[in-house]
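Student: One file is attached below, data12.cif, containing mmCIF, C-alpha atoms.
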data_query
#
loop_
_atom_site.label_atom_id
_atom_site.label_comp_id
_atom_site.auth_asym_id
_atom_site.auth_seq_id
_atom_site.Cartn_x
_atom_site.Cartn_y
_atom_site.Cartn_z
CA MET P 55 62.84 -61.69 7.76
CA ASN P 56 62.84 -61.88 11.55
CA ARG P 57 62.24 -58.62 13.34
CA GLY P 58 64.55 -57.50 16.10
CA VAL P 59 63.48 -57.15 19.70
CA SER P 60 64.24 -54.42 22.21
CA ILE P 61 64.30 -55.26 25.92
CA ILE P 62 62.89 -52.64 28.27
CA GLU P 63 63.44 -53.01 32.01
CA ALA P 64 60.47 -51.87 34.06
CA ARG P 65 60.50 -51.57 37.84
CA ILE P 66 57.14 -51.37 39.61
CA ALA P 67 56.76 -48.09 41.46
CA PRO P 68 55.78 -48.03 45.16
CA ALA P 69 52.52 -46.28 44.28
CA ALA P 70 51.65 -49.16 41.90
CA ASP P 71 51.90 -51.88 44.57
CA GLY P 72 48.88 -54.17 44.23
CA TRP P 73 47.84 -52.85 40.84
CA ARG P 74 47.09 -55.14 37.92
CA LEU P 75 50.33 -56.01 36.15
CA ASP P 76 49.31 -54.38 32.84
CA ARG P 77 48.40 -51.14 34.63
CA ALA P 78 51.57 -51.12 36.76
CA LEU P 79 53.78 -51.72 33.72
CA ALA P 80 52.01 -48.97 31.77
CA ASP P 81 52.84 -46.66 34.67
CA ALA P 82 56.49 -47.77 34.58
CA VAL P 83 56.81 -47.63 30.77
CA PRO P 84 54.76 -44.65 29.55
CA THR P 85 55.81 -45.24 25.94
CA LEU P 86 53.70 -48.43 25.89
CA SER P 87 49.93 -48.34 26.26
CA ARG P 88 48.13 -50.63 28.68
CA GLU P 89 46.43 -52.40 25.75
CA ARG P 90 49.78 -52.97 24.06
CA LEU P 91 51.18 -54.39 27.29
CA LYS P 92 48.23 -56.76 27.65
CA VAL P 93 49.09 -58.20 24.24
CA LEU P 94 52.79 -58.47 25.10
CA ILE P 95 52.06 -60.17 28.43
CA ALA P 96 49.64 -62.67 26.88
CA GLY P 97 52.14 -63.35 24.10
CA GLY P 98 54.93 -64.31 26.50
CA SER P 99 57.01 -61.17 26.01
CA VAL P 100 57.14 -60.13 29.69
CA SER P 101 59.22 -61.89 32.32
CA HIS P 102 60.17 -61.53 35.97
CA GLU P 103 63.30 -63.20 37.33
CA GLY P 104 63.46 -65.41 34.25
CA LEU P 105 59.86 -66.59 34.46
CA LEU P 106 57.20 -65.52 31.98
CA ALA P 107 54.35 -63.41 33.33
CA ARG P 108 51.32 -64.30 31.22
CA ASP P 109 48.44 -62.92 33.30
CA PRO P 110 47.76 -59.18 32.79
CA ALA P 111 45.46 -59.23 35.84
CA LYS P 112 48.09 -60.54 38.23
CA ARG P 113 48.81 -58.16 41.09
CA ALA P 114 52.15 -56.41 40.88
CA SER P 115 54.55 -55.87 43.79
CA ALA P 116 56.41 -52.64 44.39
CA GLY P 117 60.08 -52.89 43.42
CA ALA P 118 59.65 -55.93 41.18
CA LEU P 119 61.76 -55.71 38.03
CA PHE P 120 60.25 -56.96 34.77
CA ALA P 121 61.80 -57.39 31.34
CA VAL P 122 59.52 -56.40 28.48
CA ALA P 123 60.51 -57.68 25.04
CA VAL P 124 59.16 -55.26 22.43
CA PRO P 125 59.42 -56.23 18.74
CA ASP P 126 61.07 -53.52 16.68
CA PRO P 127 58.51 -51.62 14.59
CA THR P 128 57.93 -52.78 11.07
CA PRO P 129 59.03 -50.32 8.41
CA ALA P 130 56.45 -47.59 7.96
CA HIS P 131 54.48 -47.88 4.75
CA ASN P 132 53.05 -44.39 5.04
CA GLU P 133 53.89 -42.28 2.03
CA ALA P 134 56.02 -39.19 2.50
CA GLN P 135 54.01 -36.30 1.10
CA ASP P 136 55.08 -32.73 0.43
CA ILE P 137 52.48 -31.03 2.62
CA PRO P 138 53.47 -27.57 3.87
CA LEU P 139 54.32 -27.36 7.57
CA VAL P 140 54.70 -24.38 9.88
CA VAL P 141 57.71 -25.31 12.03
CA ALA P 142 58.04 -23.53 15.38
CA TYR P 143 61.22 -25.39 16.39
CA GLU P 144 63.36 -28.23 15.11
CA ASP P 145 66.60 -29.99 15.99
CA GLU P 146 67.98 -33.49 15.49
CA HIS P 147 65.81 -34.90 18.28
CA LEU P 148 62.35 -33.37 17.87
CA ILE P 149 60.16 -30.97 15.95
CA VAL P 150 57.40 -28.61 17.07
CA VAL P 151 54.82 -27.79 14.41
CA ASP P 152 51.87 -25.42 14.30
CA LYS P 153 49.12 -27.63 12.91
CA PRO P 154 46.33 -26.03 10.88
CA ALA P 155 42.72 -26.95 11.50
CA GLY P 156 41.55 -29.70 9.15
CA LEU P 157 44.82 -31.66 9.14
CA VAL P 158 44.49 -35.17 10.58
CA VAL P 159 47.44 -36.13 12.79
CA HIS P 160 48.00 -39.74 11.78
CA PRO P 161 46.61 -42.18 9.21
CA ALA P 162 43.48 -44.10 10.13
CA ALA P 163 40.41 -45.50 8.42
CA GLY P 164 39.06 -42.82 6.12
CA ASN P 165 42.30 -40.79 6.27
CA LEU P 166 45.05 -43.02 4.92
CA ASP P 167 47.16 -40.15 3.63
CA GLY P 168 47.30 -36.38 3.61
CA THR P 169 48.03 -36.43 7.36
CA LEU P 170 50.58 -34.74 9.59
CA VAL P 171 52.54 -38.01 9.68
CA ASN P 172 52.78 -38.00 5.87
CA ALA P 173 54.01 -34.40 6.01
CA LEU P 174 56.55 -35.18 8.74
CA LEU P 175 57.92 -38.18 6.84
CA HIS P 176 58.66 -35.88 3.93
CA HIS P 177 59.99 -32.99 5.99
CA CYS P 178 62.16 -35.15 8.28
CA HIS P 179 63.32 -37.49 5.49
CA GLY P 180 62.27 -40.59 7.42
CA SER P 181 63.96 -39.67 10.70
CA LEU P 182 61.02 -40.18 13.07
CA SER P 183 60.87 -42.29 16.22
CA GLY P 184 59.63 -45.82 15.62
CA ILE P 185 58.02 -46.17 19.05
CA GLY P 186 54.76 -44.85 17.66
CA GLY P 187 54.55 -47.86 15.35
CA VAL P 188 53.79 -48.07 11.65
CA ALA P 189 50.81 -45.70 11.57
CA ARG P 190 52.11 -43.12 14.04
CA PRO P 191 55.89 -42.70 13.75
CA GLY P 192 57.13 -39.83 15.90
CA ILE P 193 53.74 -38.99 17.36
CA VAL P 194 53.98 -38.38 21.11
CA HIS P 195 50.54 -36.80 21.50
CA ARG P 196 47.78 -35.57 19.21
CA ILE P 197 45.19 -32.85 18.81
CA ASP P 198 41.87 -33.20 17.04
CA LYS P 199 41.64 -32.79 13.28
CA ASP P 200 39.69 -29.55 13.57
CA THR P 201 41.74 -28.11 16.43
CA SER P 202 44.68 -25.94 15.40
CA GLY P 203 47.95 -25.26 17.16
CA LEU P 204 51.20 -26.56 18.57
CA MET P 205 52.28 -30.22 18.58
CA ILE P 206 55.55 -32.08 19.26
CA ALA P 207 56.86 -35.02 17.26
CA ALA P 208 59.92 -37.08 18.16
CA LYS P 209 62.70 -37.90 15.72
CA THR P 210 64.51 -40.37 17.98
CA ASP P 211 63.33 -43.08 20.35
CA ARG P 212 65.24 -41.46 23.20
CA ALA P 213 63.42 -38.19 22.67
CA HIS P 214 60.12 -40.04 22.32
CA GLU P 215 60.62 -41.82 25.65
CA GLY P 216 61.61 -38.61 27.43
CA LEU P 217 58.65 -36.66 26.11
CA ALA P 218 56.24 -39.51 26.85
CA LYS P 219 57.35 -39.49 30.48
CA GLN P 220 56.63 -35.77 30.72
CA PHE P 221 53.16 -36.28 29.29
CA ALA P 222 52.59 -39.16 31.70
CA ASP P 223 53.57 -37.12 34.77
CA HIS P 224 51.57 -34.09 33.53
CA SER P 225 54.58 -31.76 33.49
CA ILE P 226 53.99 -30.50 29.93
CA ASP P 227 52.58 -26.95 29.97
CA ARG P 228 49.67 -26.96 27.50
CA ARG P 229 47.34 -24.00 27.20
CA TYR P 230 44.50 -23.67 24.75
CA ARG P 231 42.52 -20.65 23.58
CA ALA P 232 38.82 -21.38 23.24
CA ILE P 233 35.79 -19.28 22.38
CA THR P 234 32.86 -20.48 24.45
CA GLY P 235 29.15 -19.89 24.27
CA GLY P 236 28.23 -17.59 27.14
CA ILE P 237 30.52 -16.15 29.78
CA PRO P 238 31.67 -18.62 32.46
CA ARG P 239 30.67 -17.90 36.06
CA PRO P 240 32.85 -17.99 38.03
CA ALA P 241 35.32 -16.44 35.62
CA ALA P 242 37.98 -19.01 36.53
CA GLY P 243 37.78 -22.51 37.89
CA THR P 244 38.69 -26.16 37.56
CA VAL P 245 36.76 -29.02 36.03
CA ASP P 246 37.87 -32.33 37.54
CA ALA P 247 35.68 -34.98 35.92
CA PRO P 248 36.60 -38.45 34.57
CA LEU P 249 36.22 -39.08 30.86
CA ALA P 250 35.48 -42.20 28.82
CA ARG P 251 33.57 -43.27 25.74
CA SER P 252 29.89 -42.45 26.09
CA PRO P 253 27.84 -45.59 26.84
CA GLN P 254 25.07 -44.15 24.66
CA ASN P 255 27.20 -43.04 21.70
CA ARG P 256 30.62 -44.62 21.21
CA LYS P 257 31.67 -41.79 18.88
CA LYS P 258 31.43 -39.31 21.75
CA ILE P 259 33.40 -38.80 24.95
CA ALA P 260 31.43 -38.22 28.14
CA ILE P 261 31.90 -37.71 31.85
CA VAL P 262 31.68 -41.28 33.14
CA ALA P 263 32.19 -42.57 36.67
CA GLY P 264 35.23 -44.84 36.57
CA GLY P 265 36.65 -43.12 33.48
CA LYS P 266 40.17 -41.72 33.26
CA ARG P 267 40.80 -38.73 35.51
CA ALA P 268 40.72 -35.51 33.55
CA VAL P 269 41.46 -32.01 34.90
CA THR P 270 41.04 -28.70 33.07
CA HIS P 271 41.82 -25.31 34.62
CA TYR P 272 40.03 -22.47 32.82
CA THR P 273 40.34 -18.68 33.00
CA THR P 274 38.13 -16.16 31.21
CA MET P 275 40.46 -13.87 29.29
CA GLU P 276 37.87 -11.57 27.74
CA PRO P 277 34.05 -11.44 27.84
CA LEU P 278 32.48 -11.18 24.38
CA ASN P 279 28.99 -10.62 23.02
CA GLY P 280 27.22 -13.77 24.20
CA ALA P 281 30.54 -15.58 24.33
CA ALA P 282 33.98 -15.47 25.92
CA LEU P 283 37.63 -15.98 25.08
CA VAL P 284 38.86 -18.55 27.57
CA GLU P 285 42.27 -20.04 28.33
CA CYS P 286 42.19 -23.72 29.25
CA ARG P 287 45.27 -25.21 30.90
CA LEU P 288 45.40 -28.98 30.74
CA GLU P 289 46.58 -30.94 33.73
CA THR P 290 45.75 -34.16 31.86
CA GLY P 291 45.37 -34.74 28.13
CA ARG P 292 42.32 -36.86 27.38
CA THR P 293 40.51 -37.12 24.06
CA HIS P 294 38.12 -34.16 23.59
CA GLN P 295 38.93 -33.02 27.14
CA VAL P 296 38.47 -29.26 26.74
CA ARG P 297 35.39 -29.71 24.55
CA VAL P 298 33.60 -32.03 26.97
CA HIS P 299 34.63 -30.24 30.15
CA MET P 300 33.54 -26.80 28.96
CA ALA P 301 30.26 -28.20 27.64
CA SER P 302 29.68 -29.84 31.03
CA ILE P 303 29.61 -26.45 32.77
CA GLY P 304 27.23 -24.99 30.19
CA HIS P 305 29.81 -23.29 27.97
CA ALA P 306 30.41 -25.47 24.94
CA LEU P 307 32.91 -24.27 22.37
CA LEU P 308 31.44 -22.29 19.51
CA GLY P 309 31.24 -24.26 16.29
CA ASP P 310 31.64 -27.64 18.04
CA PRO P 311 29.59 -30.04 15.88
CA VAL P 312 29.49 -32.74 18.56
CA TYR P 313 29.19 -31.10 21.97
CA GLY P 314 27.70 -27.68 21.23
CA LYS P 315 24.72 -26.27 19.34
CA GLY P 316 24.99 -22.50 19.76
CA LYS P 317 22.18 -19.97 20.16
CA GLY P 318 20.36 -18.43 17.22
CA THR P 319 22.32 -15.21 16.75
CA ILE P 320 25.69 -16.86 17.24
CA ARG P 321 24.71 -19.79 15.04
CA ALA P 322 23.82 -17.30 12.31
CA LEU P 323 27.20 -15.59 12.71
CA LEU P 324 29.02 -18.93 12.43
CA GLU P 325 27.12 -19.66 9.22
CA THR P 326 27.91 -16.21 7.83
CA LEU P 327 31.61 -16.67 8.55
CA GLY P 328 31.62 -20.26 7.34
CA PHE P 329 33.10 -21.28 10.70
CA GLN P 330 32.55 -25.04 10.86
CA ARG P 331 34.88 -26.31 13.56
CA GLN P 332 35.28 -26.10 17.32
CA ALA P 333 36.81 -22.75 18.27
CA LEU P 334 39.87 -24.29 19.91
CA HIS P 335 43.56 -23.53 19.40
CA ALA P 336 46.62 -25.05 21.11
CA ALA P 337 48.27 -21.70 21.84
CA HIS P 338 51.11 -22.51 24.25
CA LEU P 339 53.41 -25.49 24.67
CA GLY P 340 56.19 -25.72 27.26
CA PHE P 341 58.40 -28.70 28.12
CA ILE P 342 61.88 -29.82 29.11
CA HIS P 343 63.99 -30.86 26.14
CA PRO P 344 64.39 -34.63 26.69
CA ILE P 345 68.06 -34.60 25.67
CA SER P 346 69.54 -31.19 26.53
CA ARG P 347 67.26 -30.73 29.58
CA SER P 348 66.75 -27.06 28.70
CA ARG P 349 63.27 -25.59 29.11
CA LEU P 350 61.51 -24.72 25.86
CA ALA P 351 58.27 -22.77 25.44
CA PHE P 352 56.37 -21.78 22.32
CA ASP P 353 53.35 -19.61 21.60
CA SER P 354 51.04 -19.55 18.59
CA ALA P 355 48.62 -16.75 17.72
CA MET P 356 45.00 -17.64 16.98
CA PRO P 357 44.59 -18.54 13.29
CA PRO P 358 42.69 -16.13 11.01
CA ASP P 359 39.31 -17.92 11.25
CA MET P 360 39.26 -17.81 15.06
CA GLN P 361 40.62 -14.28 15.08
CA GLU P 362 37.82 -13.16 12.77
CA LEU P 363 35.21 -14.85 14.98
CA PHE P 364 36.73 -13.19 18.04
CA THR P 365 36.68 -9.77 16.37
CA ARG P 366 33.05 -10.10 15.31
CA LEU P 367 32.03 -11.08 18.85
CA HIS P 368 34.01 -8.31 20.49
CA VAL P 369 31.84 -6.17 22.77
#
Before anything else, please render the file you have as structure tokens.

Tutor:
Amino acid sequence: MNRGVSIIEARIAPAADGWRLDRALADAVPTLSRERLKVLIAGGSVSHEGLLARDPAKRASAGALFAVAVPDPTPAHNEAQDIPLVVAYEDEHLIVVDKPAGLVVHPAAGNLDGTLVNALLHHCHGSLSGIGGVARPGIVHRIDKDTSGLMIAAKTDRAHEGLAKQFADHSIDRRYRAITGGIPRPAAGTVDAPLARSPQNRKKIAIVAGGKRAVTHYTTMEPLNGAALVECRLETGRTHQVRVHMASIGHALLGDPVYGKGKGTIRALLETLGFQRQALHAAHLGFIHPISRSRLAFDSAMPPDMQELFTRLHV
């Protein structure tokens, strides 16, 4: 059976003049990744004034209008599974869930089911945006498996596109609660440091010159005993951003198995409590509804394991 094709018109922004074509199109169409666009360009699915554009490295010109032919997603083969969800908000266009720590967001090698996507397929009865593709229907953004808190998923392509644009222009209000080792000095500040895969360890993210710009604004909410409760507001949303940025200023998140070790007394407390994840919770999420244009904002209290850790560290 032949798959359908959707045509997306993409006009190159003035700020993207002279950029590589794949980068400029990714800026114009935030629902498509740069890597996906490279494949589409090389495969003859991108045209300008009726002529195919086959070179992803070609320099783009401001104002140029391109047609991007995107094959419709293949039917998702993920299994709908009856996994309990805490729903903060839901309508016919989108859903906001409060994800527990330990729940993987979408299927991947080693986690082919039992994910948030499997739960959403069951809860939403198959009505999830197809833009995310087979493995990630409805997923507009993600948080780490062992990070808890608020996430949005899109039920319609229109909602998906609108939310993706807000993530791309950094207008989503995302605030995390974190418990850090030590008390940050100064008590508030900004970490503006580019992130990419570590050249030494591809499983880790590191501050790398030439990486993607990443900006975290942090504020110490409450000093604790050898630790602190910190709010981190994300200006960008890179993989492991809060974890790497806070570690870079000497205040790694407690329990972080990758970027933090923890001092003796705190390490002993973590072992006593059985706390085996990074102390990070997506506590606040604010955005403009992509269809109604109303402003929505949601808050989530720290889950019991983080609350217990906080209480035990309280001065």

Student: Please compute the CA of Val298 in chain P-CA of Tyr313 in chain P distance, one decimal, in Å.

Tutor: 6.7 Å

Student: Compile the contact shell of Leu75 in chain P as a list in words: residues with an atom at most 10 Å away, counting all atoms listed in the file, same-chain residues fewer than 5 positions apart removed.

Tutor: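 Contacts, with the query itself left out: Ile66, Ala70, Ala80, Asp81, Arg88, Leu91, Lys92, Ile95, Ala107, Arg108, Asp109, Pro110, Ala111, Lys112, Arg113, Ala114 and Ser115 of chain P.
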
Student: Please produce a file of those selected residues containing C-alpha atoms, as a PDB file, in the coordinates of the input.

Tutor:
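New file selection_22.pdb:
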ATOM      1  CA  ILE P  66      57.140 -51.370  39.610  1.00  0.00           C
ATOM      2  CA  ALA P  70      51.650 -49.160  41.900  1.00  0.00           C
ATOM      3  CA  ALA P  80      52.010 -48.970  31.770  1.00  0.00           C
ATOM      4  CA  ASP P  81      52.840 -46.660  34.670  1.00  0.00           C
ATOM      5  CA  ARG P  88      48.130 -50.630  28.680  1.00  0.00           C
ATOM      6  CA  LEU P  91      51.180 -54.390  27.290  1.00  0.00           C
ATOM      7  CA  LYS P  92      48.230 -56.760  27.650  1.00  0.00           C
ATOM      8  CA  ILE P  95      52.060 -60.170  28.430  1.00  0.00           C
ATOM      9  CA  ALA P 107      54.350 -63.410  33.330  1.00  0.00           C
ATOM     10  CA  ARG P 108      51.320 -64.300  31.220  1.00  0.00           C
ATOM     11  CA  ASP P 109      48.440 -62.920  33.300  1.00  0.00           C
ATOM     12  CA  PRO P 110      47.760 -59.180  32.790  1.00  0.00           C
ATOM     13  CA  ALA P 111      45.460 -59.230  35.840  1.00  0.00           C
ATOM     14  CA  LYS P 112      48.090 -60.540  38.230  1.00  0.00           C
ATOM     15  CA  ARG P 113      48.810 -58.160  41.090  1.00  0.00           C
ATOM     16  CA  ALA P 114      52.150 -56.410  40.880  1.00  0.00           C
ATOM     17  CA  SER P 115      54.550 -55.870  43.790  1.00  0.00           C
TER      18      SER P 115
END

Student: P:Arg366, P:His179, P:His271, P:Lys199: which is nearest His294 in chain P, counting only C-alpha atoms?

Tutor: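 Of P:Arg366, P:His179, P:His271, P:Lys199, the one nearest His294 in chain P is P:Lys199, counting only C-alpha atoms.
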
Student: Quick one: residues within 7 Å of range 232-238 of chain P, all atoms listed in the file counted, chain neighbours fewer than 2 positions away excluded, as a ChimeraX atom specification?

Tutor: /P:230,240-241,277,280-285,305-308,316,333-335

Student: My list of candidates is P:Thr169, P:Ser348, P:Thr244, P:Ser181. Which is closest to Arg196 in chain P when distances are computed with only C-alpha atoms?

Tutor: P:Thr169

Student: Work out how far apart CA of Asp167 in chain P and CA of Thr290 in chain P are and give it in Å to one decimal.

Tutor: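 Straight-line distance from CA of Asp167 in chain P to CA of Thr290 in chain P works out to 28.9 Å.
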
Student: Report the residues retrieved by the PyMOL selection byres ((chain P and resi 329) around 10) from the displayed file, expressed as a short mmCIF file (atom, residue, chain, number, x, y, z; two decimals) with C-alpha atoms, in the coordinates of the input.

Tutor:
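part.cif was written with the following content:
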data_model
loop_
_atom_site.label_atom_id
_atom_site.label_comp_id
_atom_site.auth_asym_id
_atom_site.auth_seq_id
_atom_site.Cartn_x
_atom_site.Cartn_y
_atom_site.Cartn_z
CA LEU P 308 31.44 -22.29 19.51
CA GLY P 309 31.24 -24.26 16.29
CA ASP P 310 31.64 -27.64 18.04
CA ARG P 321 24.71 -19.79 15.04
CA LEU P 323 27.20 -15.59 12.71
CA LEU P 324 29.02 -18.93 12.43
CA GLU P 325 27.12 -19.66 9.22
CA THR P 326 27.91 -16.21 7.83
CA LEU P 327 31.61 -16.67 8.55
CA GLY P 328 31.62 -20.26 7.34
CA GLN P 330 32.55 -25.04 10.86
CA ARG P 331 34.88 -26.31 13.56
CA GLN P 332 35.28 -26.10 17.32
CA ALA P 333 36.81 -22.75 18.27
CA ASP P 359 39.31 -17.92 11.25
CA MET P 360 39.26 -17.81 15.06
CA GLU P 362 37.82 -13.16 12.77
CA LEU P 363 35.21 -14.85 14.98
#

Student: Would you mind listing what lies within 7 Å of range 129-145 of chain P as a ChimeraX atom specification, with only C-alpha atoms counted and same-chain residues fewer than 6 positions away left out?

Tutor: /P:151-152,172-173,175-176,188-189

Student: Tell me which protein, DNA and RNA residues are within 6 Å of His338 in chain P, counting only C-alpha atoms, leaving out same-chain ones fewer than 5 positions away, and put them as a list in words.

Tutor: Arg228, Arg229, Phe352 and Asp353 of chain P

Student: Enclose range 239-244 of chain P, meaning all of its atoms listed in the file, in a box aligned along x, y and z, pad it by 4 Å on each side, and list the centre and edge lengths in Å to one decimal, as JSON.

Tutor:
{"center_x": 34.7, "center_y": -21.3, "center_z": 36.8, "size_x": 16.0, "size_y": 17.7, "size_z": 10.4}

Student: Spell out the residues picked by the PyMOL selection byres ((chain P and resi 85) around 7) here, as number ranges by chain.

Tutor: P: 83-84, 86-87, 215, 218
